[in-house]
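Q: You'll find coords.txt just under this line, and it carries compact mmCIF, N, CA, C and O atoms.
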```txt
# COMPACT_ATOMS: atom_id res chain seq x y z
N MET A 8 48.76 3.37 2.60
CA MET A 8 49.47 3.18 1.34
C MET A 8 50.98 3.37 1.54
O MET A 8 51.76 2.65 0.95
N LYS A 9 51.33 4.34 2.38
CA LYS A 9 52.75 4.59 2.63
C LYS A 9 53.41 3.37 3.27
O LYS A 9 54.52 2.97 2.89
N LEU A 10 52.73 2.74 4.24
CA LEU A 10 53.25 1.54 4.89
C LEU A 10 53.42 0.42 3.87
O LEU A 10 54.46 -0.26 3.86
N PHE A 11 52.45 0.23 3.01
CA PHE A 11 52.54 -0.80 1.98
C PHE A 11 53.76 -0.58 1.08
O PHE A 11 54.49 -1.52 0.77
N LYS A 12 54.00 0.66 0.69
CA LYS A 12 55.14 0.97 -0.18
C LYS A 12 56.46 0.67 0.52
O LYS A 12 57.38 0.13 -0.09
N VAL A 13 56.56 1.01 1.80
CA VAL A 13 57.80 0.75 2.55
C VAL A 13 58.03 -0.75 2.69
O VAL A 13 59.14 -1.23 2.48
N ILE A 14 56.97 -1.49 3.02
CA ILE A 14 57.10 -2.94 3.14
C ILE A 14 57.47 -3.56 1.80
O ILE A 14 58.35 -4.42 1.72
N SER A 15 56.84 -3.11 0.74
CA SER A 15 57.15 -3.63 -0.60
C SER A 15 58.60 -3.35 -0.97
O SER A 15 59.27 -4.20 -1.56
N LEU A 16 59.08 -2.18 -0.61
CA LEU A 16 60.46 -1.80 -0.92
C LEU A 16 61.46 -2.71 -0.20
O LEU A 16 62.52 -3.03 -0.74
N HIS A 17 61.11 -3.15 1.00
CA HIS A 17 62.03 -3.95 1.82
C HIS A 17 61.63 -5.42 1.91
O HIS A 17 62.12 -6.14 2.78
N ASP A 18 60.79 -5.86 1.02
CA ASP A 18 60.25 -7.22 1.06
C ASP A 18 61.35 -8.28 1.07
O ASP A 18 61.27 -9.25 1.82
N ASP A 19 62.37 -8.13 0.26
CA ASP A 19 63.44 -9.12 0.21
C ASP A 19 64.17 -9.23 1.55
O ASP A 19 64.47 -10.33 2.02
N ALA A 20 64.46 -8.11 2.18
CA ALA A 20 65.15 -8.12 3.47
C ALA A 20 64.27 -8.75 4.55
O ALA A 20 64.75 -9.51 5.40
N ILE A 21 62.99 -8.44 4.52
CA ILE A 21 62.05 -9.02 5.49
C ILE A 21 61.98 -10.53 5.30
O ILE A 21 62.04 -11.29 6.27
N ALA A 22 61.88 -10.97 4.07
CA ALA A 22 61.80 -12.40 3.78
C ALA A 22 63.07 -13.13 4.22
O ALA A 22 62.99 -14.21 4.81
N ARG A 23 64.23 -12.55 3.95
CA ARG A 23 65.50 -13.18 4.36
C ARG A 23 65.54 -13.37 5.87
O ARG A 23 66.06 -14.36 6.37
N ARG A 24 65.02 -12.39 6.59
CA ARG A 24 65.11 -12.43 8.05
C ARG A 24 64.14 -13.43 8.68
O ARG A 24 64.48 -14.09 9.65
N TYR A 25 62.96 -13.57 8.13
CA TYR A 25 61.92 -14.35 8.80
C TYR A 25 61.49 -15.63 8.11
O TYR A 25 60.95 -16.52 8.76
N ASN A 26 61.69 -15.79 6.81
CA ASN A 26 61.27 -17.02 6.13
C ASN A 26 62.13 -18.20 6.57
O ASN A 26 63.34 -18.09 6.68
N GLY A 27 61.49 -19.31 6.80
CA GLY A 27 62.22 -20.53 7.16
C GLY A 27 62.85 -20.47 8.54
O GLY A 27 63.80 -21.19 8.81
N LEU A 28 62.34 -19.63 9.39
CA LEU A 28 62.90 -19.47 10.73
C LEU A 28 62.64 -20.75 11.53
O LEU A 28 61.52 -21.12 11.78
N GLY A 29 63.69 -21.41 11.90
CA GLY A 29 63.55 -22.64 12.67
C GLY A 29 64.90 -23.06 13.21
O GLY A 29 65.90 -22.39 13.00
N GLY A 30 64.90 -24.14 13.90
CA GLY A 30 66.15 -24.63 14.47
C GLY A 30 66.79 -23.58 15.35
O GLY A 30 66.12 -22.94 16.15
N SER A 31 68.06 -23.38 15.20
CA SER A 31 68.76 -22.39 16.02
C SER A 31 68.71 -20.98 15.43
O SER A 31 69.14 -20.03 16.08
N ARG A 32 68.18 -20.83 14.22
CA ARG A 32 68.13 -19.50 13.59
C ARG A 32 67.24 -18.53 14.33
O ARG A 32 67.47 -17.33 14.30
N TRP A 33 66.22 -19.01 15.01
CA TRP A 33 65.29 -18.10 15.68
C TRP A 33 66.00 -17.35 16.80
O TRP A 33 65.70 -16.19 17.05
N VAL A 34 66.97 -18.01 17.47
CA VAL A 34 67.67 -17.34 18.58
C VAL A 34 68.47 -16.16 18.05
O VAL A 34 68.47 -15.08 18.64
N MET A 35 69.14 -16.34 16.93
CA MET A 35 69.92 -15.24 16.34
C MET A 35 69.00 -14.10 15.92
O MET A 35 69.32 -12.92 16.13
N THR A 36 67.86 -14.43 15.36
CA THR A 36 66.90 -13.39 14.96
C THR A 36 66.38 -12.63 16.17
O THR A 36 66.29 -11.40 16.15
N VAL A 37 66.06 -13.35 17.24
CA VAL A 37 65.61 -12.69 18.47
C VAL A 37 66.71 -11.80 19.03
O VAL A 37 66.45 -10.67 19.46
N ALA A 38 67.95 -12.26 18.99
CA ALA A 38 69.08 -11.45 19.47
C ALA A 38 69.21 -10.17 18.63
O ALA A 38 69.47 -9.09 19.17
N GLN A 39 69.03 -10.28 17.33
CA GLN A 39 69.09 -9.09 16.47
C GLN A 39 67.97 -8.12 16.81
O GLN A 39 68.19 -6.91 16.89
N LEU A 40 66.77 -8.64 17.00
CA LEU A 40 65.64 -7.78 17.35
C LEU A 40 65.86 -7.11 18.72
O LEU A 40 65.53 -5.94 18.90
N PHE A 41 66.46 -7.84 19.65
CA PHE A 41 66.76 -7.30 20.97
C PHE A 41 67.83 -6.20 20.86
O PHE A 41 67.70 -5.14 21.45
N ALA A 42 68.86 -6.46 20.08
CA ALA A 42 69.93 -5.47 19.89
C ALA A 42 69.40 -4.19 19.23
O ALA A 42 69.86 -3.09 19.54
N GLU A 43 68.43 -4.35 18.33
CA GLU A 43 67.85 -3.20 17.63
C GLU A 43 66.74 -2.53 18.44
O GLU A 43 66.09 -1.61 17.96
N LYS A 44 66.50 -3.05 19.67
CA LYS A 44 65.48 -2.51 20.58
C LYS A 44 64.06 -2.61 20.00
O LYS A 44 63.19 -1.81 20.32
N ILE A 45 63.85 -3.60 19.15
CA ILE A 45 62.52 -3.87 18.62
C ILE A 45 61.73 -4.68 19.64
O ILE A 45 60.52 -4.50 19.78
N ILE A 46 62.43 -5.56 20.36
CA ILE A 46 61.83 -6.26 21.48
C ILE A 46 62.58 -5.86 22.75
O ILE A 46 63.71 -5.37 22.68
N THR A 47 61.95 -6.08 23.89
CA THR A 47 62.51 -5.64 25.17
C THR A 47 62.82 -6.83 26.07
O THR A 47 62.50 -7.98 25.73
N GLN A 48 63.38 -6.51 27.22
CA GLN A 48 63.65 -7.52 28.23
C GLN A 48 62.39 -8.30 28.58
O GLN A 48 62.44 -9.53 28.73
N ASN A 49 61.29 -7.61 28.71
CA ASN A 49 60.02 -8.29 29.03
C ASN A 49 59.64 -9.32 27.99
O ASN A 49 59.02 -10.34 28.31
N ASP A 50 60.02 -9.08 26.75
CA ASP A 50 59.67 -10.01 25.67
C ASP A 50 60.46 -11.31 25.74
O ASP A 50 60.01 -12.32 25.18
N ILE A 51 61.60 -11.30 26.39
CA ILE A 51 62.42 -12.52 26.45
C ILE A 51 62.46 -13.14 27.85
O ILE A 51 63.15 -14.13 28.06
N ASN A 52 61.71 -12.58 28.78
CA ASN A 52 61.73 -13.07 30.17
C ASN A 52 61.38 -14.54 30.30
O ASN A 52 61.89 -15.21 31.20
N ASP A 53 60.53 -15.06 29.47
CA ASP A 53 60.09 -16.46 29.60
C ASP A 53 61.06 -17.47 29.00
O ASP A 53 60.86 -18.67 29.16
N PHE A 54 62.10 -17.01 28.33
CA PHE A 54 63.11 -17.93 27.80
C PHE A 54 63.95 -18.49 28.94
O PHE A 54 64.05 -17.89 30.01
N SER A 55 64.58 -19.61 28.70
CA SER A 55 65.46 -20.20 29.71
C SER A 55 66.65 -19.26 29.96
O SER A 55 66.98 -18.41 29.12
N ASP A 56 67.29 -19.43 31.10
CA ASP A 56 68.45 -18.60 31.43
C ASP A 56 69.55 -18.76 30.39
O ASP A 56 70.20 -17.79 30.01
N LYS A 57 69.77 -19.98 29.92
CA LYS A 57 70.81 -20.23 28.91
C LYS A 57 70.49 -19.49 27.61
O LYS A 57 71.37 -18.87 27.01
N THR A 58 69.24 -19.55 27.18
CA THR A 58 68.84 -18.86 25.96
C THR A 58 69.01 -17.35 26.11
O THR A 58 69.51 -16.68 25.21
N LYS A 59 68.61 -16.82 27.25
CA LYS A 59 68.78 -15.37 27.49
C LYS A 59 70.25 -14.99 27.47
O LYS A 59 70.61 -13.94 26.92
N GLN A 60 71.12 -15.82 28.03
CA GLN A 60 72.55 -15.53 28.01
C GLN A 60 73.07 -15.45 26.58
O GLN A 60 73.87 -14.57 26.24
N VAL A 61 72.62 -16.37 25.73
CA VAL A 61 73.03 -16.36 24.32
C VAL A 61 72.52 -15.10 23.64
O VAL A 61 73.25 -14.44 22.89
N ILE A 62 71.27 -14.73 23.90
CA ILE A 62 70.71 -13.53 23.31
C ILE A 62 71.50 -12.29 23.73
O ILE A 62 71.85 -11.46 22.90
N TYR A 63 71.82 -12.19 25.02
CA TYR A 63 72.60 -11.04 25.50
C TYR A 63 73.99 -11.01 24.85
O TYR A 63 74.46 -9.94 24.45
N LEU A 64 74.60 -12.16 24.74
CA LEU A 64 75.94 -12.24 24.12
C LEU A 64 75.90 -11.79 22.66
O LEU A 64 76.72 -10.98 22.24
N TRP A 65 74.96 -12.32 21.91
CA TRP A 65 74.87 -11.98 20.49
C TRP A 65 74.36 -10.57 20.26
O TRP A 65 74.63 -10.00 19.20
N ALA A 66 73.63 -10.02 21.22
CA ALA A 66 73.06 -8.68 21.03
C ALA A 66 74.05 -7.57 21.36
O ALA A 66 73.78 -6.40 21.09
N ARG A 67 75.17 -7.91 21.90
CA ARG A 67 76.16 -6.89 22.25
C ARG A 67 76.60 -6.07 21.08
O ARG A 67 76.79 -6.33 20.03
```
Turn the structure described in the file into structure tokens.
A:
Amino acid sequence: MKLFKVISLHDDAIARRYNGLGGSRWVMTVAQLFAEKIITQNDINDFSDKTKQVIYLWAR
């Protein structure tokens, strides 16, 4: 129940971040998640070198 309440409280922020994710927006979202340490280096290893460079740049 506590998790449900927290998610409900932040529903708008979650929706803004993930709804309609497509095109180039997904790279920015991944960079944000990487910067916040929600995902790790292992999670982005399969991306192209160029994509990883962009993620590292934006995650600074």
Q: Using only C-alpha atoms, which of A:Ile14, A:Asn26, A:Asn52, A:Ala66 sits nearest Leu40 of chain A?
A: A:Ala66
Q: Using only C-alpha atoms, which of A:Phe11, A:Tyr25, A:Tyr63, A:Phe54 sits nearest Ala42 of chain A?
A: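 That would be A:Tyr63, the residue with the smallest distance to Ala42 of chain A.
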Q: Once 4 Å is added on each side, what centre and edge lengths in Å to one decimal does the axis-aligned box around all listed atoms of segment 45-50 of chain A have, as JSON?
A:
```
{"center_x": 61.4, "center_y": -8.0, "center_z": 23.8, "size_x": 12.8, "size_y": 16.7, "size_z": 18.4}
```
Q: Record the distance separating atom CA of Arg24 of chain A and atom N of Lys9 of chain A, expressed in Å with one decimal.
A: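 Between atom CA of Arg24 of chain A and atom N of Lys9 of chain A the gap works out to 22.4 Å.
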Q: So, counting only C-alpha atoms, which residue among A:Asp53, A:Gly27, A:Ala20, A:Arg67 is closest to Gln39 of chain A?
A: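 Closest to Gln39 of chain A, using only C-alpha atoms: A:Arg67.
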Q: Kindly extract all protein, DNA and RNA residues lying within 5 Å of the coordinates (72.8, -14.2, 19.3) given in the file, considering only N, CA, C and O atoms, and supply them as a list in words.
A: Val34, Met35, Ala38, Val61, Ile62, Trp65 and Ala66 of chain A
Q: Grab the atom CA of Trp33 of chain A to atom CA of Asp19 of chain A distance for me, in Å with one decimal place.
A: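 Computing the Euclidean distance for atom CA of Trp33 of chain A and atom CA of Asp19 of chain A yields 18.0 Å.
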